[in-house]
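Containing mmCIF, C-alpha atoms: start_11.cif.
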data_input
#
loop_
_atom_site.label_atom_id
_atom_site.label_comp_id
_atom_site.auth_asym_id
_atom_site.auth_seq_id
_atom_site.Cartn_x
_atom_site.Cartn_y
_atom_site.Cartn_z
CA MET E 1179 0.00 0.00 0.00
CA ALA E 1180 0.98 3.60 -0.48
CA GLU E 1181 2.40 5.15 2.62
CA LYS E 1182 -0.08 7.62 4.09
CA GLN E 1183 1.18 10.65 5.94
CA PRO E 1184 0.72 10.54 9.72
CA ASP E 1185 -0.13 14.25 10.10
CA GLN E 1186 -3.87 13.91 10.28
CA GLN E 1187 -6.74 12.39 12.20
CA THR E 1188 -8.44 9.29 10.89
CA LEU E 1189 -11.95 8.68 9.63
CA SER E 1190 -14.42 7.52 12.26
CA ARG E 1191 -16.55 4.41 11.99
CA GLY E 1192 -19.80 6.36 12.33
CA LEU E 1193 -21.95 4.51 9.79
CA LYS E 1194 -24.37 2.09 11.43
CA ASP E 1195 -25.74 -1.16 9.99
CA ARG E 1196 -29.00 0.60 9.05
CA HIS E 1197 -27.12 3.38 7.24
CA VAL E 1198 -25.04 1.01 5.10
CA GLN E 1199 -28.03 -1.18 4.21
CA LEU E 1200 -30.08 1.82 3.04
CA ILE E 1201 -27.09 3.40 1.27
CA ALA E 1202 -26.70 0.13 -0.63
CA LEU E 1203 -30.41 0.20 -1.49
CA GLY E 1204 -30.29 3.83 -2.57
CA GLY E 1205 -27.21 3.24 -4.71
CA ALA E 1206 -29.15 0.74 -6.80
CA ILE E 1207 -32.22 2.95 -7.29
CA GLY E 1208 -31.87 6.12 -9.34
CA THR E 1209 -34.01 8.53 -11.31
CA GLY E 1210 -33.72 6.18 -14.29
CA LEU E 1211 -36.30 3.83 -12.80
CA PHE E 1212 -38.85 6.54 -12.07
CA LEU E 1213 -38.38 8.62 -15.23
CA GLY E 1214 -36.46 6.50 -17.72
CA SER E 1215 -38.22 3.15 -17.38
CA GLY E 1216 -40.72 4.14 -20.08
CA LYS E 1217 -37.90 4.61 -22.57
CA SER E 1218 -36.13 1.35 -21.64
CA ILE E 1219 -39.40 -0.57 -21.99
CA HIS E 1220 -39.98 1.10 -25.37
CA VAL E 1221 -36.57 -0.12 -26.58
CA ALA E 1222 -36.69 -3.73 -25.35
CA GLY E 1223 -40.32 -4.52 -24.60
CA PRO E 1224 -40.93 -7.15 -21.90
CA SER E 1225 -37.42 -8.56 -22.44
CA ILE E 1226 -36.15 -5.63 -20.38
CA LEU E 1227 -36.89 -7.86 -17.37
CA LEU E 1228 -34.30 -10.39 -18.58
CA ALA E 1229 -31.79 -7.60 -19.23
CA TYR E 1230 -32.19 -6.39 -15.65
CA LEU E 1231 -31.89 -9.95 -14.32
CA ILE E 1232 -28.65 -10.65 -16.22
CA THR E 1233 -27.14 -7.28 -15.32
CA GLY E 1234 -28.21 -7.72 -11.71
CA ILE E 1235 -26.42 -11.07 -11.48
CA MET E 1236 -23.26 -9.53 -12.92
CA CYS E 1237 -23.44 -6.59 -10.52
CA PHE E 1238 -23.88 -9.00 -7.61
CA LEU E 1239 -20.75 -10.91 -8.65
CA LEU E 1240 -18.90 -7.60 -9.05
CA MET E 1241 -19.89 -6.60 -5.53
CA ARG E 1242 -18.86 -9.98 -4.12
CA ALA E 1243 -15.42 -9.46 -5.67
CA LEU E 1244 -15.28 -5.95 -4.19
CA GLY E 1245 -16.45 -7.21 -0.80
CA GLU E 1246 -13.74 -9.87 -0.63
CA LEU E 1247 -11.08 -7.29 -1.54
CA LEU E 1248 -12.19 -4.81 1.12
CA LEU E 1249 -12.57 -7.36 3.91
CA ALA E 1250 -9.16 -8.83 3.13
CA ASP E 1251 -7.64 -5.66 4.64
CA LEU E 1252 -9.75 -3.44 6.89
CA HIS E 1253 -7.15 -0.67 6.57
CA TYR E 1254 -8.34 0.03 3.02
CA ASN E 1255 -10.11 3.38 2.75
CA SER E 1256 -11.66 2.39 -0.59
CA PHE E 1257 -11.28 -0.03 -3.48
CA VAL E 1258 -8.53 2.20 -4.94
CA ASP E 1259 -6.22 1.04 -2.13
CA ALA E 1260 -6.83 -2.56 -3.21
CA ILE E 1261 -6.25 -1.67 -6.87
CA ARG E 1262 -2.94 -0.04 -5.90
CA ASP E 1263 -1.87 -3.17 -4.00
CA TYR E 1264 -2.75 -5.66 -6.74
CA LEU E 1265 -2.57 -3.74 -10.03
CA GLY E 1266 0.00 -1.05 -9.19
CA SER E 1267 0.07 2.69 -8.51
CA ARG E 1268 -0.55 3.64 -12.14
CA ALA E 1269 -3.84 1.71 -12.28
CA ALA E 1270 -4.81 3.26 -8.93
CA PHE E 1271 -4.02 6.75 -10.26
CA ILE E 1272 -6.13 6.29 -13.40
CA THR E 1273 -9.03 4.61 -11.61
CA GLY E 1274 -9.09 6.98 -8.64
CA TRP E 1275 -9.07 10.23 -10.61
CA THR E 1276 -11.53 8.84 -13.17
CA TYR E 1277 -13.89 7.77 -10.40
CA TRP E 1278 -13.64 11.18 -8.72
CA LEU E 1279 -14.37 13.07 -11.95
CA CYS E 1280 -17.21 10.68 -12.83
CA TRP E 1281 -18.99 11.45 -9.59
CA VAL E 1282 -18.37 15.20 -9.97
CA ALA E 1283 -19.93 15.09 -13.46
CA ILE E 1284 -22.89 13.00 -12.28
CA ALA E 1285 -23.50 15.44 -9.41
CA MET E 1286 -23.40 18.38 -11.83
CA ALA E 1287 -26.07 16.69 -13.93
CA GLU E 1288 -28.21 15.99 -10.87
CA ILE E 1289 -27.90 19.60 -9.66
CA THR E 1290 -29.15 20.71 -13.06
CA ALA E 1291 -32.01 18.20 -12.86
CA ILE E 1292 -33.07 19.46 -9.42
CA GLY E 1293 -33.65 22.92 -10.88
CA MET E 1294 -35.79 21.42 -13.65
CA TYR E 1295 -37.89 19.37 -11.20
CA VAL E 1296 -38.54 22.36 -8.93
CA GLN E 1297 -39.75 24.39 -11.90
CA LEU E 1298 -42.76 22.07 -12.15
CA TRP E 1299 -44.01 23.73 -8.96
CA LEU E 1300 -42.28 27.12 -9.29
CA PRO E 1301 -42.10 27.85 -13.03
CA ASN E 1302 -40.71 31.36 -12.49
CA CYS E 1303 -37.83 30.19 -10.31
CA PRO E 1304 -34.40 30.41 -12.05
CA GLN E 1305 -33.23 26.89 -12.80
CA TRP E 1306 -29.82 27.33 -11.15
CA VAL E 1307 -31.18 28.42 -7.74
CA PRO E 1308 -32.74 25.17 -6.37
CA GLY E 1309 -29.70 23.10 -7.34
CA LEU E 1310 -27.23 25.41 -5.62
CA ILE E 1311 -29.40 25.62 -2.49
CA THR E 1312 -29.62 21.82 -2.35
CA LEU E 1313 -25.86 21.51 -2.84
CA ALA E 1314 -25.19 24.03 -0.04
CA VAL E 1315 -27.48 22.19 2.39
CA LEU E 1316 -25.96 18.80 1.55
CA LEU E 1317 -22.46 20.25 1.87
CA CYS E 1318 -23.26 21.34 5.42
CA VAL E 1319 -24.62 17.88 6.21
CA ASN E 1320 -21.48 16.18 4.88
CA LEU E 1321 -19.22 18.51 6.90
CA ILE E 1322 -20.93 17.68 10.21
CA THR E 1323 -20.20 13.97 10.67
CA VAL E 1324 -20.33 10.83 8.56
CA GLY E 1325 -23.30 9.80 10.70
CA ALA E 1326 -25.21 12.88 9.51
CA PHE E 1327 -24.55 11.89 5.90
CA GLY E 1328 -25.69 8.34 6.64
CA GLU E 1329 -28.90 9.53 8.29
CA VAL E 1330 -29.86 11.87 5.44
CA GLU E 1331 -29.03 9.27 2.80
CA SER E 1332 -31.09 6.70 4.70
CA TRP E 1333 -34.18 8.91 4.57
CA PHE E 1334 -33.64 9.62 0.87
CA ALA E 1335 -33.46 5.86 0.26
CA LEU E 1336 -36.63 5.22 2.30
CA ILE E 1337 -38.62 7.67 0.15
CA LYS E 1338 -37.53 5.90 -3.05
CA ILE E 1339 -38.22 2.47 -1.57
CA PHE E 1340 -41.68 3.52 -0.36
CA ALA E 1341 -42.62 4.81 -3.82
CA ILE E 1342 -41.62 1.54 -5.49
CA LEU E 1343 -43.34 -0.64 -2.88
CA LEU E 1344 -46.49 1.47 -3.23
CA LEU E 1345 -46.43 0.99 -7.00
CA ILE E 1346 -46.00 -2.78 -6.62
CA ALA E 1347 -48.79 -3.01 -4.02
CA ILE E 1348 -51.15 -0.98 -6.23
CA GLY E 1349 -50.25 -3.11 -9.24
CA ILE E 1350 -50.92 -6.37 -7.42
CA GLY E 1351 -54.28 -4.99 -6.26
CA MET E 1352 -55.15 -3.97 -9.83
CA MET E 1353 -54.29 -7.49 -11.05
CA LEU E 1354 -56.42 -9.11 -8.36
CA VAL E 1355 -59.51 -7.05 -9.25
CA ARG E 1356 -58.68 -7.17 -12.99
CA PHE E 1357 -58.67 -3.39 -13.20
CA LYS E 1358 -59.60 -1.98 -16.61
CA SER E 1359 -57.70 1.14 -17.68
CA PRO E 1360 -59.40 4.09 -19.45
CA ASN E 1361 -58.14 2.55 -22.70
CA GLY E 1362 -60.02 -0.68 -21.98
CA ILE E 1363 -56.92 -2.76 -21.14
CA VAL E 1364 -57.40 -5.31 -18.34
CA THR E 1365 -54.51 -5.50 -15.86
CA SER E 1366 -52.94 -8.96 -16.19
CA PRO E 1367 -49.49 -10.58 -16.39
CA SER E 1368 -50.55 -11.87 -19.81
CA ASN E 1369 -49.97 -8.36 -21.16
CA LEU E 1370 -46.25 -9.17 -21.08
CA ILE E 1371 -46.58 -11.68 -23.93
CA SER E 1372 -49.80 -10.67 -25.68
CA TYR E 1373 -48.34 -7.81 -27.72
CA GLY E 1374 -45.59 -9.30 -29.86
CA GLY E 1375 -44.24 -11.82 -27.37
CA PHE E 1376 -41.58 -11.51 -24.68
CA PHE E 1377 -38.89 -10.43 -27.18
CA ALA E 1378 -41.26 -8.04 -28.92
CA THR E 1379 -38.54 -5.77 -30.31
CA GLY E 1380 -36.26 -8.63 -31.30
CA LEU E 1381 -32.68 -9.37 -30.33
CA ASP E 1382 -31.59 -5.90 -31.44
CA GLY E 1383 -33.86 -4.15 -28.95
CA PHE E 1384 -32.92 -6.57 -26.19
CA LEU E 1385 -29.19 -5.97 -26.65
CA LYS E 1386 -29.53 -2.19 -26.96
CA SER E 1387 -31.39 -2.06 -23.64
CA PHE E 1388 -28.27 -3.14 -21.76
CA GLN E 1389 -26.67 0.31 -22.03
CA MET E 1390 -29.67 1.83 -20.20
CA VAL E 1391 -29.90 -1.02 -17.71
CA ILE E 1392 -26.26 -1.04 -16.72
CA PHE E 1393 -26.24 2.71 -16.21
CA SER E 1394 -29.14 2.26 -13.78
CA PHE E 1395 -26.66 0.46 -11.52
CA ALA E 1396 -23.92 3.09 -11.75
CA GLY E 1397 -23.00 3.87 -8.16
CA ILE E 1398 -23.72 0.42 -6.78
CA GLU E 1399 -20.01 0.11 -5.90
CA MET E 1400 -20.34 3.09 -3.54
CA VAL E 1401 -20.80 0.65 -0.65
CA GLY E 1402 -17.09 0.00 -1.12
CA MET E 1403 -16.40 3.61 -0.12
CA THR E 1404 -17.98 3.07 3.30
CA ALA E 1405 -15.62 0.31 4.49
CA ALA E 1406 -13.36 2.64 6.51
CA GLU E 1407 -16.33 4.31 8.22
CA THR E 1408 -18.57 1.35 8.99
CA ALA E 1409 -18.91 0.36 12.62
CA ASN E 1410 -18.74 -3.39 11.99
CA PRO E 1411 -17.56 -3.92 8.39
CA ARG E 1412 -17.09 -7.69 8.60
CA LYS E 1413 -20.77 -8.08 9.44
CA VAL E 1414 -22.40 -5.12 7.68
CA ILE E 1415 -20.72 -5.15 4.26
CA PRO E 1416 -21.39 -8.84 3.49
CA LYS E 1417 -25.04 -8.41 4.49
CA ALA E 1418 -25.43 -5.32 2.26
CA ILE E 1419 -23.86 -7.13 -0.69
CA ASN E 1420 -25.73 -10.41 -0.24
CA ASP E 1421 -29.05 -8.57 -0.22
CA ILE E 1422 -28.41 -7.18 -3.74
CA PRO E 1423 -30.22 -10.01 -5.63
CA VAL E 1424 -33.37 -9.51 -3.54
CA ARG E 1425 -33.27 -5.75 -4.12
CA ILE E 1426 -32.93 -6.18 -7.87
CA LEU E 1427 -35.76 -8.72 -8.06
CA LEU E 1428 -38.08 -6.58 -5.94
CA PHE E 1429 -37.32 -3.01 -6.95
CA TYR E 1430 -36.43 -3.26 -10.62
CA ILE E 1431 -37.92 -6.47 -11.94
CA GLY E 1432 -40.93 -6.25 -9.60
CA ALA E 1433 -41.74 -2.65 -10.53
CA LEU E 1434 -41.31 -3.16 -14.29
CA PHE E 1435 -43.30 -6.41 -14.18
CA VAL E 1436 -46.20 -4.57 -12.55
CA ILE E 1437 -46.02 -1.66 -15.01
CA MET E 1438 -46.11 -3.93 -18.05
CA SER E 1439 -48.92 -5.98 -16.53
CA ILE E 1440 -51.00 -2.81 -16.21
CA TYR E 1441 -50.11 -1.36 -19.61
CA PRO E 1442 -49.07 -3.17 -22.79
CA TRP E 1443 -45.43 -2.25 -23.35
CA ASN E 1444 -46.16 -0.62 -26.73
CA ARG E 1445 -48.70 1.79 -25.22
CA LEU E 1446 -46.29 3.34 -22.73
CA ASP E 1447 -45.04 6.82 -23.59
CA PRO E 1448 -41.21 6.66 -23.67
CA ASN E 1449 -41.09 10.34 -22.67
CA SER E 1450 -43.36 10.01 -19.63
CA SER E 1451 -43.01 8.28 -16.27
CA PRO E 1452 -45.02 5.02 -16.02
CA PHE E 1453 -45.28 5.71 -12.28
CA VAL E 1454 -47.31 8.84 -12.98
CA MET E 1455 -49.61 6.91 -15.33
CA VAL E 1456 -50.30 4.20 -12.72
CA PHE E 1457 -51.07 6.65 -9.92
CA LYS E 1458 -53.28 8.76 -12.18
CA ASP E 1459 -55.30 5.73 -13.30
CA ILE E 1460 -56.29 4.88 -9.72
CA GLY E 1461 -57.56 8.40 -9.18
CA ILE E 1462 -54.61 10.19 -7.56
CA SER E 1463 -54.86 13.60 -9.23
CA SER E 1464 -51.56 14.81 -7.79
CA ALA E 1465 -49.63 11.84 -9.22
CA ALA E 1466 -47.26 14.06 -11.23
CA SER E 1467 -46.35 16.09 -8.14
CA ILE E 1468 -45.83 12.95 -6.05
CA ILE E 1469 -43.43 11.41 -8.57
CA ASN E 1470 -41.76 14.77 -9.06
CA PHE E 1471 -41.05 14.81 -5.32
CA VAL E 1472 -39.65 11.26 -5.51
CA VAL E 1473 -37.33 12.02 -8.45
CA LEU E 1474 -36.29 15.25 -6.73
CA THR E 1475 -35.36 13.12 -3.73
CA ALA E 1476 -33.50 10.66 -5.97
CA ALA E 1477 -31.50 13.52 -7.54
CA ALA E 1478 -30.67 14.97 -4.12
CA SER E 1479 -29.68 11.49 -2.94
CA SER E 1480 -27.28 11.12 -5.88
CA CYS E 1481 -25.81 14.55 -5.13
CA ASN E 1482 -25.41 13.62 -1.46
CA SER E 1483 -23.67 10.38 -2.41
CA ALA E 1484 -21.43 12.29 -4.81
CA LEU E 1485 -20.29 14.69 -2.07
CA TYR E 1486 -19.48 11.76 0.20
CA THR E 1487 -17.69 9.76 -2.49
CA THR E 1488 -15.71 12.57 -4.10
CA GLY E 1489 -14.62 13.93 -0.73
CA ARG E 1490 -13.20 10.57 0.39
CA MET E 1491 -11.67 9.82 -2.99
CA LEU E 1492 -9.99 13.23 -3.36
CA ALA E 1493 -8.62 12.95 0.17
CA GLU E 1494 -7.20 9.51 -0.61
CA LEU E 1495 -5.68 10.63 -3.92
CA THR E 1496 -3.94 13.64 -2.38
CA SER E 1497 -2.81 11.91 0.81
CA THR E 1498 0.19 10.36 -0.98
CA SER E 1499 1.47 13.58 -2.54
CA ARG E 1500 5.06 14.55 -1.82
CA ARG E 1501 4.01 18.21 -1.58
CA PRO E 1502 2.68 19.29 1.84
CA SER E 1503 0.48 21.96 0.20
CA ILE E 1504 -1.37 19.29 -1.81
CA ARG E 1505 -1.35 16.79 1.02
CA LYS E 1506 -3.30 19.30 3.15
CA ILE E 1507 -6.35 18.57 1.01
CA SER E 1508 -6.53 15.11 2.58
CA ARG E 1509 -6.62 16.39 6.16
CA ILE E 1510 -9.39 15.06 8.36
CA SER E 1511 -11.34 17.66 10.34
CA LYS E 1512 -12.15 17.52 14.04
CA ASN E 1513 -15.49 15.99 12.98
CA SER E 1514 -13.57 13.12 11.35
CA VAL E 1515 -14.49 14.04 7.76
CA PRO E 1516 -12.19 15.15 4.88
CA ALA E 1517 -13.63 18.68 4.97
CA THR E 1518 -11.26 20.38 2.52
CA ALA E 1519 -11.67 17.64 -0.08
CA ILE E 1520 -15.46 17.78 0.27
CA VAL E 1521 -15.52 21.57 -0.16
CA ILE E 1522 -13.28 21.46 -3.26
CA SER E 1523 -15.51 18.80 -4.82
CA ALA E 1524 -18.63 20.82 -3.97
CA LEU E 1525 -17.20 23.95 -5.60
CA LEU E 1526 -16.64 22.03 -8.83
CA MET E 1527 -20.15 20.61 -8.69
CA GLY E 1528 -21.53 24.10 -8.20
CA MET E 1529 -20.06 25.14 -11.54
CA SER E 1530 -22.85 23.18 -13.23
CA SER E 1531 -25.09 26.25 -13.25
CA LEU E 1532 -22.44 28.29 -15.07
CA LEU E 1533 -21.67 25.49 -17.52
CA ASN E 1534 -25.33 25.05 -18.41
CA TYR E 1535 -25.49 28.75 -19.20
CA LEU E 1536 -22.28 28.83 -21.27
CA ILE E 1537 -22.46 25.58 -23.22
CA PRO E 1538 -25.34 23.86 -25.04
CA SER E 1539 -27.31 21.30 -23.06
CA GLU E 1540 -26.27 18.59 -25.53
CA VAL E 1541 -22.62 19.05 -24.57
CA PHE E 1542 -23.42 18.88 -20.88
CA THR E 1543 -25.46 15.71 -21.42
CA LEU E 1544 -22.55 14.21 -23.35
CA VAL E 1545 -20.18 14.86 -20.44
CA SER E 1546 -22.54 13.01 -18.12
CA SER E 1547 -22.76 10.12 -20.61
CA VAL E 1548 -18.96 9.89 -20.75
CA ALA E 1549 -18.89 9.71 -16.95
CA THR E 1550 -21.39 6.87 -16.75
CA THR E 1551 -19.65 5.02 -19.59
CA SER E 1552 -16.40 5.19 -17.60
CA PHE E 1553 -17.98 3.02 -14.92
CA LEU E 1554 -17.44 0.04 -17.22
CA PHE E 1555 -13.69 0.61 -16.85
CA ILE E 1556 -13.90 1.19 -13.10
CA TRP E 1557 -15.90 -1.98 -12.51
CA GLY E 1558 -13.57 -3.96 -14.75
CA THR E 1559 -10.54 -2.73 -12.82
CA ILE E 1560 -12.09 -3.88 -9.54
CA VAL E 1561 -12.60 -7.37 -10.97
CA LEU E 1562 -9.03 -7.49 -12.33
CA ALA E 1563 -7.72 -6.52 -8.89
CA HIS E 1564 -9.75 -9.35 -7.39
CA LEU E 1565 -8.33 -11.84 -9.89
CA ARG E 1566 -4.82 -10.74 -8.93
CA TYR E 1567 -5.67 -10.97 -5.23
CA ARG E 1568 -6.94 -14.54 -5.51
CA LYS E 1569 -3.89 -15.53 -7.53
CA LEU E 1570 -1.64 -14.28 -4.74
CA HIS E 1571 -3.97 -15.51 -1.96
CA PRO E 1572 -5.71 -18.69 -3.21
CA GLU E 1573 -7.25 -19.25 0.20
CA GLY E 1574 -9.19 -15.97 -0.12
CA SER E 1575 -10.74 -14.04 2.75
CA GLY E 1576 -13.69 -14.86 4.99
CA PHE E 1577 -16.10 -13.43 2.40
CA LYS E 1578 -15.16 -15.39 -0.70
CA MET E 1579 -16.27 -14.58 -4.22
CA PRO E 1580 -18.30 -17.63 -5.38
CA GLY E 1581 -16.99 -19.52 -8.38
CA THR E 1582 -13.82 -17.50 -8.86
CA PRO E 1583 -11.98 -17.19 -11.25
CA VAL E 1584 -14.75 -18.27 -13.66
CA THR E 1585 -17.20 -15.72 -12.28
CA ASP E 1586 -14.60 -12.95 -12.50
CA TRP E 1587 -14.11 -13.65 -16.18
CA MET E 1588 -17.88 -13.80 -16.69
CA VAL E 1589 -18.18 -10.24 -15.36
CA LEU E 1590 -15.26 -9.00 -17.48
CA ILE E 1591 -16.72 -10.57 -20.64
CA PHE E 1592 -20.10 -9.04 -19.83
CA LEU E 1593 -18.62 -5.54 -19.35
CA PHE E 1594 -16.68 -5.87 -22.61
CA ALA E 1595 -19.85 -7.00 -24.42
CA VAL E 1596 -21.74 -3.95 -23.13
CA GLY E 1597 -18.90 -1.77 -24.41
CA VAL E 1598 -19.28 -3.38 -27.85
CA ILE E 1599 -23.07 -2.82 -27.74
CA LEU E 1600 -22.46 0.88 -27.05
CA MET E 1601 -20.66 1.15 -30.38
CA PHE E 1602 -23.85 0.29 -32.28
CA SER E 1603 -25.92 3.26 -31.03
CA ALA E 1604 -25.09 6.73 -32.30
CA ASP E 1605 -26.02 8.41 -29.00
CA THR E 1606 -23.66 6.20 -26.98
CA ARG E 1607 -20.86 5.68 -29.52
CA ILE E 1608 -19.48 9.20 -29.09
CA ALA E 1609 -19.55 8.92 -25.30
CA LEU E 1610 -17.67 5.60 -25.45
CA ILE E 1611 -15.01 7.00 -27.79
CA ILE E 1612 -14.49 10.06 -25.57
CA ALA E 1613 -14.25 7.81 -22.50
CA VAL E 1614 -11.56 5.71 -24.21
CA VAL E 1615 -9.66 8.89 -25.20
CA TRP E 1616 -9.95 10.14 -21.60
CA LEU E 1617 -8.53 6.88 -20.20
CA ALA E 1618 -5.68 6.99 -22.72
CA PHE E 1619 -4.93 10.57 -21.64
CA MET E 1620 -4.93 9.54 -17.97
CA THR E 1621 -2.58 6.66 -18.79
CA VAL E 1622 -0.08 9.05 -20.41
CA LEU E 1623 -0.51 11.46 -17.49
CA SER E 1624 0.22 8.69 -14.98
CA MET E 1625 3.54 8.06 -16.75
CA THR E 1626 4.66 11.68 -16.75
CA PHE E 1627 3.11 13.28 -13.66
CA LYS E 1628 5.71 12.56 -11.00
CA GLU E 1629 3.81 14.32 -8.25
CA TYR E 1630 1.65 11.31 -7.47
CA LYS E 1631 4.17 8.51 -7.75
CA TYR E 1632 3.47 6.17 -4.82
CA ASN E 1633 6.08 4.86 -2.45
#
Would you give me this structure, written as structure tokens?
Amino acid sequence: MAEKQPDQQTLSRGLKDRHVQLIALGGAIGTGLFLGSGKSIHVAGPSILLAYLITGIMCFLLMRALGELLLADLHYNSFVDAIRDYLGSRAAFITGWTYWLCWVAIAMAEITAIGMYVQLWLPNCPQWVPGLITLAVLLCVNLITVGAFGEVESWFALIKIFAILLLIAIGIGMMLVRFKSPNGIVTSPSNLISYGGFFATGLDGFLKSFQMVIFSFAGIEMVGMTAAETANPRKVIPKAINDIPVRILLFYIGALFVIMSIYPWNRLDPNSSPFVMVFKDIGISSAASIINFVVLTAAASSCNSALYTTGRMLAELTSTSRRPSIRKISRISKNSVPATAIVISALLMGMSSLLNYLIPSEVFTLVSSVATTSFLFIWGTIVLAHLRYRKLHPEGSGFKMPGTPVTDWMVLIFLFAVGVILMFSADTRIALIIAVVWLAFMTVLSMTFKEYKYN
């Protein structure tokens, strides 16, 4: 491991079991499910359920690999420490800075989205105001204690979970009473196969859906950032990871199954939220406002997670600098949080309002797409580090990755296949190419930038 400087306090283990479990839940549920599920269903039809199932299995295996790495050494602050140990300082440099910038870009997009959501209620409010206010409030929360972050994130996760469970409960009730929609469609599971079959859009639509599905899980690895601040990591982290299959079955597959049982897949508006349609059909006139509140919560949750993640990652990346002035960024405050690193990250996120004003929205959307595409590389690097770890330590740790090394290679092949699929869609091809160029640039930088050579 890189030698950390002893001139600072350490992070506190202030995250409780409940916090980590709900953070893990929240990390797997984003705005894509509430707003983007109509579009993903439009692309793949009912086969989107299979795409989520396959991707969910791969993400579970990825998280098992990450869990074994982190529990092999409880001194790791994040998965970047493990990457440095097993793949070298250059891989850690590229992965760490890419991960930090990815989360900054995602947060900038979410801050922009918050302003758009608030305008549904306050149309005359400048779009940049709500996002900056939200960022300022969340910054204060993250500077208090890690426990404060965990508590806020837990409540954000509970709101998202409640909305999904309510949808599923309503859908089951509609199936039991054979509810007939205003269009004359009877709610039934048979709607999944009665309109062109399960693979209604063919193999092409099924494969193209993976780029939307996999991006729904971007951030699932964030549980790996909590290892150094979890009260009982050997108990809490395995439980959070092992619950992933149940979460995926219930929250993604369960919700989409209910939606497509209520409405034939080809009658869903790809530009509207299916959640709003369901709530409106049962007579809830304020359905749009309810879902708007939920997606606003989801965006704020993502921003909160970004502040937590970028603060810890920036502190870790600067802690090994040979320059004291840069190393100061990694200092831990009296509240046991990397305050300076969090503030620097927040300032960059706050630039989203200026960027949206200066550059076209298409460019800003492209930057966000590049960030999410880069998660393929980050996840792949975690799996490669795990392969190296098990080669050096065949006995593994107490939380072993099942079926390794076969399962490791399954995940790597899957991630590579998704990358190939991205090349076949014009809207994702550019993002993938830019991501590859960015990684190549970071590789060259890691060879020439002596400042961050590790001991």
Could the residues of segment 1417-1485 of chain E that have an atom at most 8 Å from segment 1309-1333 of chain E be listed as JSON lines, each with its closest atom pair and the distance in Å to one decimal, counting all atoms listed in the file and ordered by chain and ascending residue number?
{"residue": "E:Ala1478", "atom": "CA", "partner": "E:Thr1312", "partner_atom": "CA", "distance": 7.2}
{"residue": "E:Ser1479", "atom": "CA", "partner": "E:Glu1331", "partner_atom": "CA", "distance": 6.2}
{"residue": "E:Cys1481", "atom": "CA", "partner": "E:Leu1313", "partner_atom": "CA", "distance": 7.3}
{"residue": "E:Asn1482", "atom": "CA", "partner": "E:Leu1316", "partner_atom": "CA", "distance": 6.0}
{"residue": "E:Ser1483", "atom": "CA", "partner": "E:Glu1331", "partner_atom": "CA", "distance": 7.6}
{"residue": "E:Leu1485", "atom": "CA", "partner": "E:Leu1317", "partner_atom": "CA", "distance": 7.2}
Target residues per the PyMOL selection byres ((chain E and resi 1222) around 8), formatted as a JSON list (two decimals) with C-alpha atoms, keeping the file's coordinate frame:
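The resulting file, out-v8.json, is shown below:
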[["chain", "number", "residue", "atom", "x", "y", "z"],
["E", 1218, "SER", "CA", -36.13, 1.35, -21.64],
["E", 1219, "ILE", "CA", -39.40, -0.57, -21.99],
["E", 1220, "HIS", "CA", -39.98, 1.10, -25.37],
["E", 1221, "VAL", "CA", -36.57, -0.12, -26.58],
["E", 1223, "GLY", "CA", -40.32, -4.52, -24.60],
["E", 1224, "PRO", "CA", -40.93, -7.15, -21.90],
["E", 1225, "SER", "CA", -37.42, -8.56, -22.44],
["E", 1226, "ILE", "CA", -36.15, -5.63, -20.38],
["E", 1377, "PHE", "CA", -38.89, -10.43, -27.18],
["E", 1378, "ALA", "CA", -41.26, -8.04, -28.92],
["E", 1379, "THR", "CA", -38.54, -5.77, -30.31],
["E", 1380, "GLY", "CA", -36.26, -8.63, -31.30],
["E", 1383, "GLY", "CA", -33.86, -4.15, -28.95],
["E", 1384, "PHE", "CA", -32.92, -6.57, -26.19],
["E", 1385, "LEU", "CA", -29.19, -5.97, -26.65],
["E", 1386, "LYS", "CA", -29.53, -2.19, -26.96],
["E", 1387, "SER", "CA", -31.39, -2.06, -23.64]]
Next on the checklist: To test your reading of the syntax: which residues would the PyMOL selection byres ((chain E and resi 1454-1468) around 10) return for the file shown? Reply as a ChimeraX atom specification.
Outcome noted: /E:1212-1213,1295,1298-1299,1341,1344-1345,1348-1349,1352,1357-1360,1436-1437,1440-1441,1446-1447,1450-1453,1469-1474
Checklist entry - Please, what distance in Å, to one decimal, runs between atom CA of Phe1376 of chain E and atom CA of Leu1434 of chain E? => result 13.3 Å
Next on the checklist: Taking all atoms listed in the file into account, name the residue in E:Leu1565, E:Ala1287, E:Ile1426, E:Ile1232 that is nearest to Ala1477 of chain E.
Outcome noted: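 Using all atoms listed in the file, Ala1477 of chain E sits closest to E:Ala1287.
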Item to check | Using only C-alpha atoms: which of E:Val1282, E:Val1424, E:Val1198, E:Val1589 has the shortest distance to Met1400 of chain E | outcome: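 Ranked by minimum distance to Met1400 of chain E, first place goes to E:Val1198.
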Item to check | Å distance separating atom CA of Arg1490 of chain E from atom CA of Ala1291 of chain E, one decimal place | outcome: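 Atom-to-atom, atom CA of Arg1490 of chain E to atom CA of Ala1291 of chain E, that is 24.2 Å.
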Item to check | Two-atom distance - atom CA of Ser1603 of chain E, atom CA of Ala1229 of chain E (Å) | outcome: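 A separation of 17.1 Å between them.
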Next on the checklist: Using all atoms listed in the file, can you tell me which of E:Gly1234, E:Asn1420, E:Val1614, E:Asp1382 comes closest to Val1548 of chain E?
Outcome noted: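 Among the listed residues, the smallest separation from Val1548 of chain E belongs to E:Val1614.
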